[in-house]
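Colleague: The structure's right below; bear with me while I get my questions together.
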Amino acid sequence: MSQTEPFASPQFQHGIDSAEPKTSVPVLEQSEALVKSRQRVADHGEVFTPNWMVEAMLNLVKDESERVDSRFLEPACGSGNFLMVVLTRKLKTVETKYGKSTFERNHHALLALMCVYGIELLPDNAEECRNNLLNVYLKYLGEDVQTYWKRAAVEVLRANIIQGDALTLKNSDGNHIEFPEWGYLGAGKFQRRDFRYDALTQRSSIQGTLFELFEEHQNFIPTNSYPPMTVEELSK
Ligand SMILES: C[S@@+](CC[C@H](N)C(=O)[O-])C[C@H]1O[C@@H](n2cnc3c(N)ncnc32)[C@H](O)[C@@H]1O
């Protein structure tokens, strides 16, 4: 790569576009680094999406991105640029709908977190993504919340943000990627069932075909089902 290419510019590396914007596209935030290193771009195609573009793209599915229990999976989630905005939008809805009751607000905020999923190849990105999402969630809950809310969120993120390969559908241990399907039953109880990701992707590929009815029951057998859990039980 020659020095005149965009990634060679240290300003680009730190997300600063020194040129005057010619269109209405916003200038990038100074703190928003879009690449970590040239090597990582070459090896893994690691270029992060700027916040203004994430917002614009999510506006294409605005209603879904704001619905508390819509499920979003990003199969190459990086440090969570998309998932953080999805979570922020969901939490705004939580505040509007449940803000008057601390009990409902906190439980629905956890449900919002439970509905974002990611796969990321690189361990440092996967960990950053979990931390970034945790910070968005904790900032919303406030500092005086009991510690089991944080421990529960850490458990959720451990299960929802997988370090693995979205092409082979295997995690970093070489096992099949599994995702939990979370649900809020009301009265402070959550349910969890785990599914293999490859089974879920097969299901979408047979939808609308003759195999659909035949295969449905096979693909929808959970690998694990848990009894209903409170937040405290979930945090253990
Ligand atoms: C172009 S970046 C995008 C990151 C994030 N989605 C964003 O928009 O800011 C692509 C990300 O995918 C990851 N990646 C590359 N190959 C992957 C694979 N086979 N499975 C999962 N993640 C992968 C890279 O490590 C990198 O973090």
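In the structure tokens, chains take the letters A, B, ... in the order shown, each chain's residues start at 1, and ligands count up from 1 in the order shown.
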Can you pull out every residue within 6 Å of region 177-193 of chain A, counting only C-alpha atoms, but drop anything in the same chain fewer than 4 positions away, and send it as a count of residues only?

Modeller: 10

Colleague: Which residues, written as number ranges by chain, have at least one atom at most 12 Å from region 135-139 of chain A, with only C-alpha atoms counted and residues fewer than 5 positions away on the same chain left out?

Modeller: A: 80-81, 83-92, 94, 105-114, 116, 128-130, 144-154, 156-157

Colleague: Which distance in Å separates CA of Leu122 (chain A) and CA of Leu58 (chain A), to one decimal?

Modeller: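 Separation of CA of Leu122 (chain A) and CA of Leu58 (chain A): 24.3 Å.
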
Colleague: Report as JSON lines: every residue of chain A with an atom at most 7 Å from ligand 1, its closest pair of atoms, and their distance in Å to one decimal, counting only C-alpha atoms and all ligand atoms, with rows sorted by chain and ascending residue number.

Modeller:
```
{"residue": "A:His44", "atom": "CA", "partner": "ligand 1", "partner_atom_place_in_ligand_line": "15 (C)", "distance": 4.7}
{"residue": "A:Gly45", "atom": "CA", "partner": "ligand 1", "partner_atom_place_in_ligand_line": "1 (C)", "distance": 5.2}
{"residue": "A:Glu46", "atom": "CA", "partner": "ligand 1", "partner_atom_place_in_ligand_line": "2 (S)", "distance": 3.9}
{"residue": "A:Val47", "atom": "CA", "partner": "ligand 1", "partner_atom_place_in_ligand_line": "1 (C)", "distance": 4.2}
{"residue": "A:Phe48", "atom": "CA", "partner": "ligand 1", "partner_atom_place_in_ligand_line": "9 (O)", "distance": 3.3}
{"residue": "A:Thr49", "atom": "CA", "partner": "ligand 1", "partner_atom_place_in_ligand_line": "9 (O)", "distance": 4.0}
{"residue": "A:Glu74", "atom": "CA", "partner": "ligand 1", "partner_atom_place_in_ligand_line": "6 (N)", "distance": 6.8}
{"residue": "A:Pro75", "atom": "CA", "partner": "ligand 1", "partner_atom_place_in_ligand_line": "21 (C)", "distance": 5.8}
{"residue": "A:Ala76", "atom": "CA", "partner": "ligand 1", "partner_atom_place_in_ligand_line": "12 (O)", "distance": 3.8}
{"residue": "A:Cys77", "atom": "CA", "partner": "ligand 1", "partner_atom_place_in_ligand_line": "6 (N)", "distance": 4.0}
{"residue": "A:Gly78", "atom": "CA", "partner": "ligand 1", "partner_atom_place_in_ligand_line": "27 (O)", "distance": 3.4}
{"residue": "A:Ser79", "atom": "CA", "partner": "ligand 1", "partner_atom_place_in_ligand_line": "5 (C)", "distance": 6.5}
{"residue": "A:Gly80", "atom": "CA", "partner": "ligand 1", "partner_atom_place_in_ligand_line": "5 (C)", "distance": 6.1}
{"residue": "A:Asn81", "atom": "CA", "partner": "ligand 1", "partner_atom_place_in_ligand_line": "9 (O)", "distance": 4.8}
{"residue": "A:Phe82", "atom": "CA", "partner": "ligand 1", "partner_atom_place_in_ligand_line": "8 (O)", "distance": 6.2}
{"residue": "A:Ile119", "atom": "CA", "partner": "ligand 1", "partner_atom_place_in_ligand_line": "21 (C)", "distance": 5.4}
{"residue": "A:Glu120", "atom": "CA", "partner": "ligand 1", "partner_atom_place_in_ligand_line": "22 (N)", "distance": 3.9}
{"residue": "A:Leu121", "atom": "CA", "partner": "ligand 1", "partner_atom_place_in_ligand_line": "22 (N)", "distance": 4.0}
{"residue": "A:Leu122", "atom": "CA", "partner": "ligand 1", "partner_atom_place_in_ligand_line": "25 (O)", "distance": 5.1}
{"residue": "A:Asn125", "atom": "CA", "partner": "ligand 1", "partner_atom_place_in_ligand_line": "27 (O)", "distance": 6.2}
{"residue": "A:Gly164", "atom": "CA", "partner": "ligand 1", "partner_atom_place_in_ligand_line": "21 (C)", "distance": 5.9}
{"residue": "A:Asp165", "atom": "CA", "partner": "ligand 1", "partner_atom_place_in_ligand_line": "20 (N)", "distance": 3.6}
{"residue": "A:Ala166", "atom": "CA", "partner": "ligand 1", "partner_atom_place_in_ligand_line": "20 (N)", "distance": 3.8}
{"residue": "A:Leu167", "atom": "CA", "partner": "ligand 1", "partner_atom_place_in_ligand_line": "19 (N)", "distance": 4.9}
```

Colleague: Quick one: distance from CA of Asp194 (chain A) to CA of Ile162 (chain A) in Å, one decimal?

Modeller: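 Result for CA of Asp194 (chain A) versus CA of Ile162 (chain A): 13.3 Å, one decimal.
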
Colleague: Would you return as a ChimeraX atom specification the members of region 2-211 of chain A that DSSP assigns to alpha helix (DSSP H) on this structure's backbone?

Modeller: /A:10-13,38-44,51-58,62-66,81-98,102-114,123-141,147-160,197-206,211

Colleague: With C-alpha atoms retained, write the just-selected residues as a compact mmCIF listing (two decimals), in the first residue's frame.

Modeller:
```
# COMPACT_ATOMS: atom_id res chain seq x y z
CA PRO A 10 -2.47 9.18 10.52
CA GLN A 11 -5.41 11.57 10.45
CA PHE A 12 -7.56 8.91 8.86
CA GLN A 13 -6.38 6.39 11.40
CA ARG A 38 -3.01 -1.40 8.56
CA GLN A 39 -2.14 -5.01 9.30
CA ARG A 40 -5.54 -5.65 10.84
CA VAL A 41 -7.27 -4.07 7.87
CA ALA A 42 -5.28 -6.33 5.55
CA ASP A 43 -5.74 -9.46 7.68
CA HIS A 44 -9.34 -9.10 8.82
CA ASN A 51 -21.47 6.72 14.11
CA TRP A 52 -23.30 8.95 11.62
CA MET A 53 -23.38 6.10 9.11
CA VAL A 54 -24.57 3.60 11.72
CA GLU A 55 -27.42 5.97 12.62
CA ALA A 56 -28.32 6.47 8.96
CA MET A 57 -28.32 2.73 8.27
CA LEU A 58 -30.38 1.92 11.35
CA LYS A 62 -36.03 2.53 12.52
CA ASP A 63 -39.07 0.87 14.11
CA GLU A 64 -37.30 -2.45 14.61
CA SER A 65 -34.19 -0.75 16.01
CA GLU A 66 -36.34 1.02 18.62
CA ASN A 81 -20.53 0.26 16.73
CA PHE A 82 -23.89 -0.96 15.43
CA LEU A 83 -24.95 -2.88 18.52
CA MET A 84 -24.30 0.08 20.84
CA VAL A 85 -26.62 2.30 18.82
CA VAL A 86 -29.26 -0.43 18.66
CA LEU A 87 -29.08 -0.80 22.45
CA THR A 88 -29.24 2.97 22.96
CA ARG A 89 -32.37 3.18 20.81
CA LYS A 90 -34.02 0.30 22.66
CA LEU A 91 -33.21 1.92 26.01
CA LYS A 92 -34.87 5.15 24.89
CA THR A 93 -38.01 3.15 24.24
CA VAL A 94 -37.67 1.49 27.65
CA GLU A 95 -37.53 4.92 29.26
CA THR A 96 -40.61 6.14 27.36
CA LYS A 97 -42.67 3.03 28.06
CA TYR A 98 -41.50 1.92 31.50
CA THR A 102 -37.99 1.31 38.49
CA PHE A 103 -38.88 -2.40 38.57
CA GLU A 104 -40.29 -2.47 35.02
CA ARG A 105 -37.65 -0.08 33.69
CA ASN A 106 -34.73 -2.18 34.96
CA HIS A 107 -36.17 -5.49 33.80
CA HIS A 108 -36.99 -4.18 30.34
CA ALA A 109 -33.54 -2.59 30.09
CA LEU A 110 -32.04 -6.04 30.70
CA LEU A 111 -34.40 -7.50 28.08
CA ALA A 112 -33.14 -4.85 25.62
CA LEU A 113 -29.57 -5.99 26.28
CA MET A 114 -30.64 -9.63 25.88
CA PRO A 123 -10.72 -11.65 20.99
CA ASP A 124 -9.87 -8.03 21.79
CA ASN A 125 -12.75 -6.73 19.66
CA ALA A 126 -15.19 -9.21 21.18
CA GLU A 127 -14.19 -8.10 24.68
CA GLU A 128 -14.38 -4.41 23.72
CA CYS A 129 -17.82 -5.01 22.29
CA ARG A 130 -19.03 -6.61 25.55
CA ASN A 131 -17.53 -3.76 27.58
CA ASN A 132 -18.99 -1.08 25.33
CA LEU A 133 -22.46 -2.60 25.57
CA LEU A 134 -22.11 -3.03 29.32
CA ASN A 135 -21.21 0.66 29.68
CA VAL A 136 -24.24 1.78 27.65
CA TYR A 137 -26.48 -0.42 29.81
CA LEU A 138 -24.95 0.61 33.17
CA LYS A 139 -25.04 4.28 32.25
CA TYR A 140 -28.75 3.92 31.65
CA LEU A 141 -29.46 2.00 34.89
CA THR A 147 -24.51 -5.15 41.80
CA TYR A 148 -26.47 -8.22 40.69
CA TRP A 149 -27.85 -6.18 37.77
CA LYS A 150 -24.29 -5.71 36.55
CA ARG A 151 -23.40 -9.39 37.11
CA ALA A 152 -26.52 -10.46 35.21
CA ALA A 153 -25.58 -8.16 32.31
CA VAL A 154 -22.07 -9.62 32.23
CA GLU A 155 -23.58 -13.13 32.01
CA VAL A 156 -25.91 -12.06 29.20
CA LEU A 157 -23.07 -10.47 27.25
CA ARG A 158 -20.85 -13.52 27.72
CA ALA A 159 -23.57 -15.63 26.10
CA ASN A 160 -24.69 -13.13 23.43
CA TYR A 197 -26.65 -20.97 15.21
CA ASP A 198 -26.16 -23.26 12.22
CA ALA A 199 -29.65 -24.70 12.80
CA LEU A 200 -31.11 -21.19 12.90
CA THR A 201 -29.39 -20.21 9.66
CA GLN A 202 -30.59 -23.41 7.96
CA ARG A 203 -34.09 -22.57 9.04
CA SER A 204 -33.97 -19.20 7.26
CA SER A 205 -32.69 -20.89 4.08
CA ILE A 206 -35.59 -23.37 3.97
CA PHE A 211 -38.88 -28.51 3.44
```

Colleague: Expressed in Å to a single decimal, how great is the separation between CA of Gly142 (chain A) and CA of Lys236 (chain A)?

Modeller: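 Between these atoms lies a distance of 21.2 Å.
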
Colleague: Per DSSP on the backbone, what are the strand (DSSP E) residues of region 38-224 of chain A, as a PyMOL selection string?

Modeller: chain A and resi 72-74+116-120+161-165+170-171+178-186+189-196+224

Colleague: Convert the current residue selection to file output with C-alpha atoms, as a short mmCIF file (atom, residue, chain, number, x, y, z; two decimals), in the first residue's frame.

Modeller:
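That gives us again_3.cif:
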```cif
data_model
loop_
_atom_site.label_atom_id
_atom_site.label_comp_id
_atom_site.auth_asym_id
_atom_site.auth_seq_id
_atom_site.Cartn_x
_atom_site.Cartn_y
_atom_site.Cartn_z
CA PHE A 72 -30.35 -7.89 16.27
CA LEU A 73 -27.40 -10.11 15.38
CA GLU A 74 -24.25 -8.63 13.87
CA VAL A 116 -28.49 -7.79 20.91
CA TYR A 117 -26.14 -10.49 19.62
CA GLY A 118 -22.76 -10.47 17.96
CA ILE A 119 -20.06 -12.69 16.53
CA GLU A 120 -16.49 -11.38 16.29
CA ILE A 161 -21.37 -11.78 22.11
CA ILE A 162 -19.44 -14.75 20.83
CA GLN A 163 -15.81 -14.82 19.87
CA GLY A 164 -15.94 -17.01 16.80
CA ASP A 165 -16.02 -17.30 13.04
CA LYS A 170 -17.74 -22.24 15.12
CA ASN A 171 -16.62 -20.47 18.29
CA GLU A 178 -24.94 -21.33 20.18
CA PHE A 179 -27.12 -18.37 21.07
CA PRO A 180 -29.58 -18.00 23.90
CA GLU A 181 -33.12 -16.96 23.12
CA TRP A 182 -34.15 -14.78 26.06
CA GLY A 183 -37.66 -13.82 26.96
CA TYR A 184 -39.23 -11.76 29.72
CA LEU A 185 -42.11 -13.61 31.34
CA GLY A 186 -43.12 -10.67 33.55
CA LYS A 189 -38.69 -13.68 35.61
CA PHE A 190 -36.69 -14.37 32.46
CA GLN A 191 -36.58 -17.53 30.38
CA ARG A 192 -33.65 -18.85 28.38
CA ARG A 193 -33.36 -21.50 25.69
CA ASP A 194 -30.16 -22.08 23.71
CA PHE A 195 -30.06 -22.89 20.00
CA ARG A 196 -27.31 -23.82 17.61
CA ASN A 224 -30.55 -26.33 26.53
#
```
